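First up is the structure itself, then whatever we jot down about it.
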Amino acid sequence: MSLDLSCKYMGLTLPTPLIIGSCAFTNSVEKIKEMEALGAGAVVLKSIFEEQISNEAHQTVNAAGEYGDTRALEYVQQYTEMAAYEKYNQLIRDLKKTVKIPVIASIHCHKDGAWVDYAQRVQEAGADALEINLTSLPTDFNISGEDLEKNYLKIIKHVKKNLRIPVAIKTNRYFTSFVHSMTQFRKAGADALVMFQRVYEPDIDIENLKMVPAKVLKEGDGLHEALRWVSIMNEHIDCSLSATSGVVTGEDMVKLLLAGADTVQIATVLYTRGIEQIKHILDGLKEWMTKHNYCSIDEFQGKMSMKRIENPDVYMRVQFMKYFAGIE
């Protein structure tokens, strides 16, 4: 039986629904070529961070501070920032000459104007789409959740107004009303929602009394949370959905596609098991499709979403103890 793994994502045609998420592996033409050969359907480049570039530029300026006047130092800062952007854009141009799969740029900014500036640069370099990361930790006690959401919507509208390429919003799950917020993102112009952004988590070294990062490479982390929300959003929102949490095996990928994801992104498993896992995941998908007599992704995508199963309440359950017999 001939299998068709192709799919649509933000209007782009992908050879497979497996996308390589933004990570260190997507910062190299050679690595991306290898991952394309293994079956990757698209790639999201390693994010460019406005804050990191600005900090590096400031460090350069501070180091040269005693040797130059104000105009010279402004030039040094601008040159440093431009060099960082040009390196990123050159990666895009090189990839467009080398691979056939869609190349999705990724940016993370904290100023509204910078979003548009960077977005236009990656578009001009040839990126097929843009994934923007809006996640910021709401630690200002004077700013309400409503104000934060308004700022997100302002950014999305501003970027979309100035771009021709599709835009995906990579989001976290920390909204008072997630479904309402995502619906507003779509109305503002989002072509896809990517669920969910991995956030930095702190830990404490209790022997040395210092702050350390929590364990980063946790296989399977977040799979079921993504499954829940993809299923709920499917058929309620008319944009692409991409799940990017916890995929390790072909079985994990099948679950998210059944729940309603258009594509599935992986990153952590590439660190823990190597890029060859791309082929293993897709082989698992093919084996499952063959076993159940599916010839294409369209035939089963969304078949187990909230709207299409007999008992949709299973996606709404949140009380943990209640659903384990014999505990109470």
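In the structure tokens, each chain is lettered A, B, ... as it comes, each chain's residues begin at 1, and ligands are numbered from 1 in order of appearance.
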Selection: 12 Å around stretch 147-150 of chain A, only C-alpha atoms, excl. self and same-chain fewer than 3 positions, as number ranges by chain: A: 134-144, 153-157, 171, 174-178, 180-185, 188
Could you give me, as a list in words, the residues within 12 Å of A:Gln277, counting only C-alpha atoms and dropping anything in the same chain fewer than 3 positions from it?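 Neighbouring residues, sequence-local ones excluded: Leu18, Ile20, Glu34, Met35, Leu38, Gly39, Ala40, Val247, Val248, Thr249, Gly250, Ile266, Ala267, Thr268, Val269, Leu270, Tyr271, Thr272, Arg273, Gly274, His280, Ile281, Leu282, Asp283 and Gly284 of chain A.
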Report, in Å to a single decimal, how far apart atom CA of A:Asn89 and atom CA of A:Tyr152 are. 24.9 Å
If you count only C-alpha atoms, which residues fall within 10 Å of stretch 253-261 of chain A, apart from same-chain ones fewer than 4 positions away, as JSON, numbers by chain? {"A": [9, 17, 18, 193, 194, 195, 223, 224, 226, 227, 228, 229, 230, 231, 232, 233, 234, 235, 240, 241, 242, 243, 244, 245, 246, 247, 248, 249, 265, 266, 281, 282, 284, 285, 286, 288, 289, 297, 298, 299, 300, 301, 302, 303, 304, 305, 306, 307, 308]}
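Considering only stretch 114-165 of chain A, backbone DSSP assigns strand (DSSP E or B) to Ala129, Leu130, Glu131, Ile132 and Asn133 of chain A.
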Write the residues you've just listed into a file as a PDB file, in the first residue's frame, and include N, CA, C and O atoms for each of them.
ATOM      1  N   ALA A 129       8.205  31.053   6.083  1.00  0.00           N
ATOM      2  CA  ALA A 129       7.246  31.440   7.117  1.00  0.00           C
ATOM      3  C   ALA A 129       8.033  31.929   8.327  1.00  0.00           C
ATOM      4  O   ALA A 129       9.267  31.822   8.376  1.00  0.00           O
ATOM      5  N   LEU A 130       7.302  32.461   9.291  1.00  0.00           N
ATOM      6  CA  LEU A 130       7.928  32.976  10.507  1.00  0.00           C
ATOM      7  C   LEU A 130       7.184  32.445  11.723  1.00  0.00           C
ATOM      8  O   LEU A 130       5.952  32.453  11.765  1.00  0.00           O
ATOM      9  N   GLU A 131       7.938  31.969  12.702  1.00  0.00           N
ATOM     10  CA  GLU A 131       7.368  31.572  13.983  1.00  0.00           C
ATOM     11  C   GLU A 131       7.835  32.578  15.014  1.00  0.00           C
ATOM     12  O   GLU A 131       9.041  32.775  15.185  1.00  0.00           O
ATOM     13  N   ILE A 132       6.886  33.241  15.689  1.00  0.00           N
ATOM     14  CA  ILE A 132       7.286  34.225  16.686  1.00  0.00           C
ATOM     15  C   ILE A 132       6.898  33.747  18.079  1.00  0.00           C
ATOM     16  O   ILE A 132       5.849  33.161  18.289  1.00  0.00           O
ATOM     17  N   ASN A 133       7.799  33.990  18.995  1.00  0.00           N
ATOM     18  CA  ASN A 133       7.643  33.543  20.373  1.00  0.00           C
ATOM     19  C   ASN A 133       7.271  34.738  21.238  1.00  0.00           C
ATOM     20  O   ASN A 133       8.085  35.627  21.459  1.00  0.00           O
TER      21      ASN A 133
END
Shell around A:Asp191 at 7 Å using only C-alpha atoms, local window under 3 positions removed, as an MDAnalysis selection string: chainID A and resid 10 166:168 186 239:240
Could you find all residues in stretch 68-210 of chain A that DSSP calls helix (DSSP H, G or I) from the backbone, and write them as number ranges by chain? A: 70-98, 112-125, 145-161, 178-187
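Compared by their closest atoms to A:Ala42, and using only C-alpha atoms, the residues A:Ile309, A:Ala214, A:Leu12, A:Ala190 rank with A:Leu12 nearest.
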Nearest to A:Arg121, restricted to only C-alpha atoms and choosing among A:Glu146, A:Glu251, A:Asp205, A:Glu86, comes out as A:Glu86
Atomic distance atom CA of A:Ala125 - atom CA of A:Arg93, expressed in Å with one decimal: 5.7 Å
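In terms of minimum interatomic distance to A:Tyr85, A:Ile48 ranks closest within A:Ile48, A:Leu14, A:Ala24, A:Val99, counting only C-alpha atoms.
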Can you work out which one of A:Thr13, A:Gln120, A:Asn27, A:Asn162 has the shortest atom-to-atom distance to A:Lys100, counting only C-alpha atoms? A:Thr13
